[in-house]
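Next comes query-v1.tsv, a file with TSV, C-alpha atoms.
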chain	number	residue	atom	x	y	z
A	49	MET	CA	-196.29	-24.28	70.39
A	50	ASN	CA	-192.66	-25.16	71.04
A	51	THR	CA	-191.69	-25.15	74.72
A	52	MET	CA	-187.92	-24.83	74.36
A	53	LYS	CA	-186.12	-21.93	76.04
A	54	ILE	CA	-183.11	-20.70	74.12
A	55	ALA	CA	-180.59	-17.92	74.71
A	56	VAL	CA	-178.80	-16.35	71.75
A	57	VAL	CA	-175.62	-14.44	72.61
A	58	GLY	CA	-174.81	-11.73	70.08
A	59	ALA	CA	-177.10	-9.50	68.01
A	60	GLY	CA	-175.20	-9.19	64.77
A	61	ILE	CA	-176.69	-10.75	61.67
A	62	ALA	CA	-175.87	-14.30	62.86
A	63	GLY	CA	-177.62	-13.82	66.19
A	64	VAL	CA	-180.71	-11.89	65.10
A	65	THR	CA	-181.51	-14.23	62.21
A	66	THR	CA	-181.22	-17.23	64.53
A	67	ALA	CA	-183.42	-15.57	67.15
A	68	TYR	CA	-185.96	-14.69	64.47
A	69	GLY	CA	-185.94	-18.23	63.07
A	70	LEU	CA	-186.52	-19.66	66.55
A	71	ALA	CA	-189.20	-17.14	67.51
A	72	ARG	CA	-191.24	-17.66	64.36
A	73	ARG	CA	-191.32	-21.38	65.20
A	74	GLY	CA	-192.67	-20.73	68.67
A	75	ALA	CA	-189.58	-21.12	70.87
A	76	THR	CA	-189.01	-18.87	73.89
A	77	VAL	CA	-185.98	-16.79	72.93
A	78	THR	CA	-183.78	-14.39	74.87
A	79	LEU	CA	-181.34	-12.42	72.70
A	80	ILE	CA	-178.44	-10.97	74.69
A	81	ASP	CA	-176.02	-8.35	73.35
A	82	ASP	CA	-173.84	-5.73	75.00
A	83	ALA	CA	-173.88	-3.32	72.01
A	84	ALA	CA	-170.08	-3.06	72.02
A	85	SER	CA	-168.35	-1.30	69.14
A	86	GLY	CA	-166.72	-3.31	66.38
A	87	GLN	CA	-169.71	-5.41	65.30
A	88	ALA	CA	-169.01	-6.60	61.76
A	89	THR	CA	-172.67	-6.33	60.68
A	90	ALA	CA	-172.90	-2.64	61.52
A	91	ALA	CA	-169.82	-1.81	59.44
A	92	SER	CA	-170.40	-4.14	56.51
A	93	ALA	CA	-170.55	-3.15	52.85
A	94	GLY	CA	-173.86	-4.96	52.40
A	95	ILE	CA	-173.23	-6.49	48.98
A	96	ILE	CA	-175.61	-9.32	48.04
A	97	ALA	CA	-174.09	-10.65	44.83
A	98	PRO	CA	-172.43	-14.00	45.55
A	99	TRP	CA	-172.33	-14.94	41.86
A	100	VAL	CA	-169.45	-12.50	41.19
A	101	SER	CA	-167.39	-13.82	44.09
A	102	SER	CA	-164.03	-15.52	43.50
A	103	SER	CA	-164.87	-18.08	46.20
A	104	THR	CA	-165.33	-21.75	45.35
A	105	GLY	CA	-166.19	-25.05	47.02
A	106	ALA	CA	-168.33	-25.37	50.14
A	107	PHE	CA	-168.15	-21.66	50.93
A	108	TYR	CA	-169.44	-20.63	47.51
A	109	GLU	CA	-172.23	-23.20	47.63
A	110	ALA	CA	-173.48	-21.69	50.90
A	111	TYR	CA	-172.80	-18.14	49.71
A	112	SER	CA	-174.84	-18.69	46.57
A	113	ALA	CA	-177.63	-20.41	48.50
A	114	GLY	CA	-177.69	-17.42	50.84
A	115	GLY	CA	-178.18	-15.04	47.92
A	116	ASN	CA	-180.89	-17.26	46.47
A	117	TYR	CA	-182.70	-17.33	49.84
A	118	TYR	CA	-182.90	-13.54	50.16
A	119	PRO	CA	-186.25	-12.98	48.41
A	120	GLU	CA	-187.96	-15.48	50.73
A	121	PHE	CA	-186.31	-13.97	53.81
A	122	LEU	CA	-187.24	-10.41	52.87
A	123	ALA	CA	-190.81	-11.41	51.97
A	124	ARG	CA	-191.33	-12.88	55.44
A	125	LEU	CA	-190.12	-9.69	57.11
A	126	HIS	CA	-192.32	-7.60	54.84
A	127	ASP	CA	-195.35	-9.73	55.70
A	128	LEU	CA	-194.79	-8.91	59.37
A	129	GLY	CA	-195.18	-5.23	58.54
A	130	ILE	CA	-191.53	-4.23	58.99
A	131	PRO	CA	-191.47	-0.90	57.10
A	132	GLU	CA	-187.81	-0.61	56.11
A	133	LEU	CA	-185.52	-3.49	55.18
A	134	GLY	CA	-182.62	-1.50	53.71
A	135	TYR	CA	-182.43	-3.65	50.57
A	136	ARG	CA	-182.26	-2.64	46.92
A	137	ARG	CA	-181.64	-4.75	43.81
A	138	SER	CA	-179.55	-2.34	41.73
A	139	GLY	CA	-177.05	-4.64	40.04
A	140	ALA	CA	-173.41	-5.62	40.48
A	141	LEU	CA	-170.64	-4.42	38.17
A	142	MET	CA	-167.35	-6.26	37.83
A	143	VAL	CA	-164.72	-3.92	36.33
A	144	SER	CA	-161.17	-4.07	35.03
A	145	ARG	CA	-158.69	-2.13	32.92
A	146	ASP	CA	-157.65	-5.46	31.37
A	147	ASP	CA	-160.26	-7.24	29.25
A	148	THR	CA	-158.46	-10.56	29.70
A	149	GLU	CA	-159.41	-10.52	33.39
A	150	LEU	CA	-163.05	-10.27	32.42
A	151	ASP	CA	-162.63	-12.95	29.75
A	152	ALA	CA	-161.23	-15.34	32.37
A	153	VAL	CA	-164.31	-15.17	34.61
A	154	GLU	CA	-167.19	-14.46	32.22
A	155	ASP	CA	-168.10	-18.10	31.60
A	156	ARG	CA	-167.94	-18.92	35.32
A	157	VAL	CA	-170.21	-16.02	36.25
A	158	ALA	CA	-172.62	-16.89	33.43
A	159	GLN	CA	-172.88	-20.47	34.67
A	160	ARG	CA	-173.49	-19.36	38.24
A	161	ILE	CA	-176.25	-17.00	37.15
A	162	ALA	CA	-177.89	-19.72	35.10
A	163	GLU	CA	-177.82	-22.07	38.08
A	164	SER	CA	-179.35	-19.47	40.41
A	165	GLY	CA	-182.17	-18.44	38.09
A	166	SER	CA	-184.19	-15.25	38.25
A	167	VAL	CA	-182.79	-14.03	41.57
A	168	ALA	CA	-179.40	-13.48	39.91
A	169	GLY	CA	-180.87	-11.76	36.88
A	170	THR	CA	-178.90	-11.52	33.65
A	171	LEU	CA	-175.27	-11.03	32.63
A	172	GLU	CA	-174.14	-8.36	30.17
A	173	ARG	CA	-170.67	-7.42	28.90
A	174	VAL	CA	-170.38	-3.63	29.02
A	175	ASP	CA	-167.89	-1.24	27.41
A	176	SER	CA	-166.36	1.84	29.00
A	177	THR	CA	-169.22	4.10	27.91
A	178	GLN	CA	-171.79	1.76	29.47
A	179	VAL	CA	-169.71	1.46	32.63
A	180	ASN	CA	-169.86	5.23	33.07
A	181	GLU	CA	-173.57	5.28	32.39
A	182	LEU	CA	-174.07	2.77	35.20
A	183	PHE	CA	-171.64	4.43	37.64
A	184	PRO	CA	-170.60	7.90	36.38
A	185	ALA	CA	-167.79	8.39	38.93
A	186	LEU	CA	-165.73	5.44	37.65
A	187	SER	CA	-162.59	5.74	35.55
A	188	THR	CA	-163.18	5.90	31.80
A	189	GLU	CA	-160.52	3.19	31.36
A	190	LEU	CA	-162.75	0.44	32.75
A	191	THR	CA	-164.88	-2.16	31.03
A	192	GLY	CA	-167.03	-4.67	32.85
A	193	LEU	CA	-169.53	-7.44	33.42
A	194	TYR	CA	-172.94	-6.31	34.70
A	195	VAL	CA	-175.09	-8.70	36.76
A	196	SER	CA	-178.61	-7.29	36.97
A	197	GLY	CA	-179.65	-9.29	40.05
A	198	GLY	CA	-176.93	-7.97	42.31
A	199	GLY	CA	-178.25	-6.25	45.42
A	200	ARG	CA	-177.12	-4.25	48.38
A	201	VAL	CA	-178.40	-3.91	51.91
A	202	ASP	CA	-177.69	-1.55	54.78
A	203	GLY	CA	-176.46	-3.94	57.45
A	204	ARG	CA	-177.63	-1.75	60.33
A	205	VAL	CA	-181.12	-1.38	58.87
A	206	LEU	CA	-181.51	-5.09	58.09
A	207	ARG	CA	-180.17	-6.11	61.48
A	208	ASN	CA	-182.67	-3.81	63.21
A	209	ALA	CA	-185.50	-5.02	60.98
A	210	THR	CA	-184.76	-8.66	61.80
A	211	LEU	CA	-184.47	-7.85	65.51
A	212	SER	CA	-187.84	-6.07	65.36
A	213	ALA	CA	-189.36	-9.12	63.67
A	214	ALA	CA	-188.00	-11.45	66.36
A	215	VAL	CA	-189.38	-9.22	69.12
A	216	LEU	CA	-192.77	-9.01	67.38
A	217	LEU	CA	-192.84	-12.79	67.44
A	218	GLY	CA	-192.13	-12.91	71.16
A	219	ALA	CA	-188.34	-12.85	71.54
A	220	GLU	CA	-186.90	-10.84	74.42
A	221	HIS	CA	-183.98	-8.51	73.67
A	222	CYS	CA	-181.60	-7.82	76.57
A	223	GLU	CA	-178.83	-5.25	76.26
A	224	ASP	CA	-176.47	-6.86	78.73
A	225	ALA	CA	-172.98	-8.31	78.95
A	226	VAL	CA	-172.45	-12.06	79.23
A	227	ILE	CA	-169.96	-12.93	81.98
A	228	ALA	CA	-170.01	-16.72	81.65
A	229	ILE	CA	-171.86	-19.68	80.19
A	230	ASN	CA	-172.10	-22.81	82.35
A	231	PRO	CA	-173.83	-26.19	82.05
A	232	LEU	CA	-176.67	-27.02	84.42
A	233	GLY	CA	-176.01	-30.74	84.71
A	234	ASP	CA	-178.03	-32.55	82.10
A	235	THR	CA	-180.89	-30.07	82.22
A	236	GLY	CA	-179.60	-27.14	80.20
A	237	TRP	CA	-177.39	-24.08	80.42
A	238	ARG	CA	-177.00	-20.99	82.57
A	239	VAL	CA	-176.01	-17.72	80.91
A	240	GLN	CA	-174.61	-15.43	83.58
A	241	THR	CA	-175.04	-11.77	82.69
A	242	MET	CA	-174.28	-8.56	84.54
A	243	ARG	CA	-177.94	-8.43	85.61
A	244	GLY	CA	-178.19	-12.03	86.71
A	245	PRO	CA	-178.54	-15.60	85.44
A	246	ILE	CA	-180.70	-16.80	82.56
A	247	ASP	CA	-181.46	-20.55	82.56
A	248	VAL	CA	-182.27	-22.15	79.23
A	249	ASP	CA	-182.44	-25.49	77.43
A	250	SER	CA	-179.95	-24.41	74.77
A	251	VAL	CA	-177.61	-21.52	74.12
A	252	VAL	CA	-176.34	-20.20	70.79
A	253	VAL	CA	-173.05	-18.31	70.91
A	254	ALA	CA	-173.10	-15.94	67.94
A	255	ALA	CA	-170.74	-13.29	69.26
A	256	GLY	CA	-168.64	-12.86	66.13
A	257	ALA	CA	-164.90	-12.59	66.74
A	258	ARG	CA	-165.57	-12.65	70.49
A	259	THR	CA	-167.06	-16.16	70.35
A	260	PRO	CA	-163.79	-17.98	71.26
A	261	GLU	CA	-163.51	-15.93	74.48
A	262	LEU	CA	-166.89	-17.19	75.68
A	263	LEU	CA	-166.20	-20.81	74.75
A	264	LEU	CA	-162.67	-21.14	76.15
A	265	PRO	CA	-163.75	-21.51	79.82
A	266	LEU	CA	-165.98	-24.40	78.70
A	267	GLY	CA	-163.00	-26.22	77.25
A	268	VAL	CA	-164.22	-25.60	73.72
A	269	SER	CA	-162.02	-24.45	70.86
A	270	CYS	CA	-163.41	-22.19	68.14
A	271	SER	CA	-161.03	-21.56	65.24
A	272	VAL	CA	-161.95	-17.95	64.52
A	273	SER	CA	-159.60	-14.98	64.27
A	274	PRO	CA	-160.47	-11.26	64.26
A	275	GLN	CA	-159.82	-9.27	61.11
A	276	ARG	CA	-160.29	-5.49	61.14
A	277	GLY	CA	-162.14	-3.94	58.22
A	278	GLN	CA	-162.26	-0.17	57.76
A	279	ILE	CA	-164.88	1.18	55.34
A	280	THR	CA	-165.39	4.85	54.54
A	281	HIS	CA	-168.71	6.47	53.64
A	282	LEU	CA	-168.68	9.35	51.17
A	283	ASN	CA	-171.39	11.68	49.94
A	284	LEU	CA	-171.81	13.09	46.45
A	285	ARG	CA	-173.93	16.13	47.15
A	286	GLY	CA	-176.99	16.44	44.93
A	287	VAL	CA	-176.34	13.19	43.04
A	288	ASN	CA	-178.96	10.44	42.80
A	289	THR	CA	-176.98	7.26	43.48
A	290	SER	CA	-179.95	5.05	44.37
A	291	GLN	CA	-179.74	2.97	41.18
A	292	TRP	CA	-175.97	2.79	40.86
A	293	PRO	CA	-174.65	-0.79	41.05
A	294	THR	CA	-172.13	-2.15	43.50
A	295	VAL	CA	-168.63	-2.19	42.01
A	296	HIS	CA	-166.23	-5.15	42.10
A	297	PRO	CA	-162.69	-4.77	40.73
A	298	PHE	CA	-160.26	-7.69	40.69
A	299	THR	CA	-158.76	-6.44	43.95
A	300	PRO	CA	-160.06	-6.60	47.56
A	301	ASN	CA	-161.71	-3.18	47.45
A	302	TYR	CA	-165.31	-2.45	46.38
A	303	MET	CA	-167.97	0.25	46.32
A	304	THR	CA	-171.56	0.17	47.51
A	305	PRO	CA	-173.85	3.08	46.57
A	306	PHE	CA	-176.85	3.85	48.76
A	307	ASP	CA	-179.62	6.40	48.41
A	308	GLY	CA	-179.03	10.12	48.88
A	309	GLY	CA	-175.57	10.29	47.30
A	310	ARG	CA	-173.96	8.00	49.91
A	311	ILE	CA	-171.29	5.59	48.71
A	312	ALA	CA	-169.42	3.14	50.95
A	313	VAL	CA	-165.86	2.42	49.80
A	314	GLY	CA	-163.46	-0.06	51.24
A	315	ALA	CA	-162.37	-2.11	52.83
A	316	THR	CA	-159.20	-3.06	54.60
A	317	ARG	CA	-158.54	-6.70	55.49
A	318	GLU	CA	-156.27	-6.45	58.50
A	319	THR	CA	-155.53	-9.98	59.62
A	320	GLY	CA	-153.88	-10.11	63.04
A	321	SER	CA	-155.51	-6.87	64.16
A	322	GLY	CA	-156.98	-8.34	67.33
A	323	TYR	CA	-160.27	-6.94	68.57
A	324	ASP	CA	-159.30	-3.31	68.00
A	325	PRO	CA	-162.09	-1.30	66.30
A	326	ARG	CA	-160.11	1.87	65.56
A	327	VAL	CA	-159.83	3.96	62.41
A	328	THR	CA	-156.13	4.11	61.61
A	329	ALA	CA	-154.23	6.57	59.44
A	330	ALA	CA	-152.84	3.80	57.23
A	331	GLY	CA	-156.26	2.18	56.85
A	332	GLN	CA	-157.93	5.46	55.92
A	333	LEU	CA	-155.20	6.21	53.39
A	334	GLN	CA	-155.51	2.79	51.78
A	335	VAL	CA	-159.29	2.96	51.47
A	336	LEU	CA	-159.32	6.42	49.90
A	337	ARG	CA	-156.37	5.75	47.60
A	338	ASP	CA	-157.98	2.57	46.26
A	339	ALA	CA	-161.33	4.31	45.84
A	340	LEU	CA	-159.99	7.27	43.90
A	341	ASP	CA	-157.85	5.07	41.65
A	342	LEU	CA	-161.01	3.23	40.66
A	343	ALA	CA	-163.40	6.19	40.70
A	344	PRO	CA	-161.66	9.56	40.26
A	345	GLY	CA	-165.10	11.14	40.10
A	346	LEU	CA	-165.30	10.73	43.87
A	347	ALA	CA	-162.44	13.16	44.50
A	348	ASP	CA	-164.79	15.98	45.52
A	349	ALA	CA	-167.06	13.78	47.62
A	350	THR	CA	-167.54	14.62	51.29
A	351	VAL	CA	-166.08	12.16	53.78
A	352	ILE	CA	-168.97	11.39	56.15
A	353	GLU	CA	-167.54	8.70	58.42
A	354	THR	CA	-165.39	5.60	58.58
A	355	ARG	CA	-166.92	2.49	60.13
A	356	VAL	CA	-164.83	-0.31	61.58
A	357	GLY	CA	-165.97	-3.90	61.92
A	358	ILE	CA	-164.06	-6.84	63.33
A	359	ARG	CA	-164.80	-9.74	61.00
A	360	PRO	CA	-164.78	-13.26	62.47
A	361	MET	CA	-162.59	-15.24	60.08
A	362	GLY	CA	-162.90	-19.02	60.26
A	363	ASP	CA	-160.10	-21.40	59.34
A	364	ASP	CA	-160.22	-22.24	55.62
A	365	ASN	CA	-162.63	-19.25	55.38
A	366	LEU	CA	-165.54	-21.51	56.33
A	367	PRO	CA	-168.31	-20.57	58.78
A	368	ILE	CA	-168.45	-22.42	62.07
A	369	ALA	CA	-172.06	-23.38	62.64
A	370	GLY	CA	-173.75	-26.15	64.56
A	371	GLU	CA	-173.93	-27.95	67.88
A	372	VAL	CA	-170.66	-28.51	69.74
A	373	PRO	CA	-169.88	-32.26	69.97
A	374	ASP	CA	-170.29	-33.68	73.48
A	375	ARG	CA	-171.88	-30.41	74.66
A	376	SER	CA	-175.57	-31.06	74.14
A	377	GLY	CA	-177.48	-27.80	73.77
A	378	LEU	CA	-174.41	-25.62	73.10
A	379	TRP	CA	-174.40	-24.14	69.59
A	380	THR	CA	-172.07	-21.76	67.77
A	381	MET	CA	-172.51	-19.47	64.79
A	382	THR	CA	-169.51	-17.45	63.67
A	383	GLY	CA	-166.71	-17.32	61.10
A	384	TYR	CA	-168.73	-15.64	58.34
A	385	GLY	CA	-165.84	-13.34	57.40
A	386	ALA	CA	-166.92	-10.66	54.94
A	387	GLY	CA	-169.96	-12.66	53.81
A	388	GLY	CA	-172.17	-12.37	56.88
A	389	LEU	CA	-175.04	-10.40	55.40
A	390	THR	CA	-175.39	-12.91	52.57
A	391	LEU	CA	-174.88	-16.04	54.68
A	392	GLY	CA	-176.64	-14.89	57.84
A	393	PRO	CA	-180.35	-15.27	56.98
A	394	LEU	CA	-179.92	-18.74	55.45
A	395	LEU	CA	-177.68	-20.16	58.16
A	396	GLY	CA	-179.62	-18.49	60.97
A	397	ASP	CA	-182.78	-20.23	59.79
A	398	ALA	CA	-180.89	-23.52	59.40
A	399	VAL	CA	-179.52	-23.40	62.96
A	400	ALA	CA	-182.98	-22.51	64.30
A	401	ARG	CA	-184.47	-25.53	62.51
A	402	SER	CA	-181.70	-27.81	63.73
A	403	ILE	CA	-182.07	-26.72	67.37
A	404	LEU	CA	-185.76	-27.53	67.19
A	405	GLY	CA	-185.09	-30.97	65.75
A	406	ASN	CA	-185.80	-30.33	62.09
A	407	PRO	CA	-183.51	-31.15	59.14
A	408	ALA	CA	-180.93	-28.52	58.24
A	409	PRO	CA	-178.77	-29.87	55.40
A	410	GLU	CA	-177.22	-26.41	54.92
A	411	LEU	CA	-175.04	-27.03	57.98
A	412	THR	CA	-173.48	-30.33	56.94
A	413	ALA	CA	-170.61	-28.75	54.99
A	414	PHE	CA	-169.31	-26.68	57.89
A	415	PRO	CA	-167.15	-27.41	60.94
A	416	THR	CA	-168.33	-26.80	64.46
A	417	ALA	CA	-166.46	-25.60	67.53
A	418	THR	CA	-164.85	-28.60	69.24
A	419	PRO	CA	-164.00	-29.73	72.77
A	420	MET	CA	-160.30	-29.42	73.56
Whole structure, structure tokens version:
Amino acid sequence: MNTMKIAVVGAGIAGVTTAYGLARRGATVTLIDDAASGQATAASAGIIAPWVSSSTGAFYEAYSAGGNYYPEFLARLHDLGIPELGYRRSGALMVSRDDTELDAVEDRVAQRIAESGSVAGTLERVDSTQVNELFPALSTELTGLYVSGGGRVDGRVLRNATLSAAVLLGAEHCEDAVIAINPLGDTGWRVQTMRGPIDVDSVVVAAGARTPELLLPLGVSCSVSPQRGQITHLNLRGVNTSQWPTVHPFTPNYMTPFDGGRIAVGATRETGSGYDPRVTAAGQLQVLRDALDLAPGLADATVIETRVGIRPMGDDNLPIAGEVPDRSGLWTMTGYGAGGLTLGPLLGDAVARSILGNPAPELTAFPTATPM
């Protein structure tokens, strides 16, 4: 049994997967979160299809590894008896009105699928008739590339499932606000909350776009900026959308169908928004206009809600994950951008392993927060 005491600040996907990874290895874990609005995980699209991404380099390598890790991650949660994980493997559909756009990426996507193996499934070029069979609301002008292994997950459901797993394994969940984090000499760290202090051996700051605020008083710089994302949920009454694929045009917008006729469409990418989780008129207009241009069959759908998440965007779009240099026992996990639900389980487990002294090669490609 591991005797380390560890506090994890933040219960989005980064925090809960780290807490779960620590708890299943026997550490004493306290997960602290104030349940404030704007959490990126709760408002995410939930697309698990890294192979269709335009990203490259170190980010893509981690993104792809995160997608490949999903079956193992989900199997562990299932084995704990968690009844609902919010995941479905229903395919991913890249679409365009211009076949040359599809031609330009088809070989790249095919290679990525081959490298990832069965988890990514197969690749098929589909004509406009097949596109509408897969997703009947889409424009009849579109052709596409269909990746059978693409999946989607409800971020709120998966976050809650992972939190439940961590608690089942002994983690303590505290809904509380962190006021300050301070070193305790060479013996550990004190996390000061509204309810009082929590003394631990190590602390993981996984507070999304709010992470820099908590690190600044410690003289630590974390190169993460908030980016507002507005995503609207629609409902097609009486339509079975459970097997419809996620949709990926060659533009920043996308669509994620869920069960019961629900379809999430979005999202805005509002760099420079600050931490301001509001639905705006311009954002709502952009999301709906983009959605209806792509899928005119959604024109009569009911608008259910618009969710807003503040994405933590790292410099160079890379996650910031690892121990802060010269701050033994202080760890950060943030900067996942729009890829948190894919990256979170893999990197959360890697940070948990690293804290407990085990190899975590997944972290070597990423920067950490740094002393000023």
Near A:Gly63, counting all atoms listed in the file, which residues have an atom at most 10 Å away, once you skip same-chain residues fewer than 4 positions from it, shown as number ranges by chain? A: 55-59, 67-69, 79-81, 207, 210-211, 252-256, 380-382, 392-393, 396
Hey, which of A:Leu186, A:Ala312, A:Ile403, A:Val195 ends up closest to A:Arg173? Count only C-alpha atoms.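 Comparing A:Leu186, A:Ala312, A:Ile403, A:Val195 against A:Arg173, the winner is A:Val195.
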So which one's closest to A:Asp374, A:Ile352, A:Ala417, A:Leu389, A:Ile246? Using only C-alpha atoms, please. A:Ala417
Can you check which parts of stretch 305-391 of chain A lie within 10 Å of stretch 128-144 of chain A? Per residue, the shortest pair of atoms and distance in Å to one decimal, counting all atoms listed in the file, sorted by chain and number, as a Markdown table.
| residue | atom | partner | partner_atom | distance |
| --- | --- | --- | --- | --- |
| A:Pro305 | CA | A:Ser138 | CA | 9.2 |
| A:Phe306 | CA | A:Arg136 | CA | 8.6 |
| A:Asp307 | CA | A:Arg136 | CA | 9.5 |
| A:Leu342 | CA | A:Val143 | CA | 9.1 |
Spatial neighbours of A:Gln240, max dist 7 Å, only C-alpha atoms, sep filter under 6 positions, as a tab-separated table (two decimals) with C-alpha atoms, keeping the file's coordinate frame:
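Ended up saving to selection-v2.tsv:
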chain	number	residue	atom	x	y	z
A	226	VAL	CA	-172.45	-12.06	79.23
A	227	ILE	CA	-169.96	-12.93	81.98
A	228	ALA	CA	-170.01	-16.72	81.65
A	229	ILE	CA	-171.86	-19.68	80.19
A	246	ILE	CA	-180.70	-16.80	82.56
For atom CA of A:Ser196 and atom CA of A:Ala413, determine how far apart the two atoms are, in Å to one decimal place.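 Computing the Euclidean distance for atom CA of A:Ser196 and atom CA of A:Ala413 yields 29.1 Å.
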For a cut-off of 6 Å around (-178.3, -26.4, 72.9), file coordinates, pick out all residues using all atoms listed in the file and list them as JSON, numbers by chain. {"A": [250, 251, 376, 377, 378, 379]}
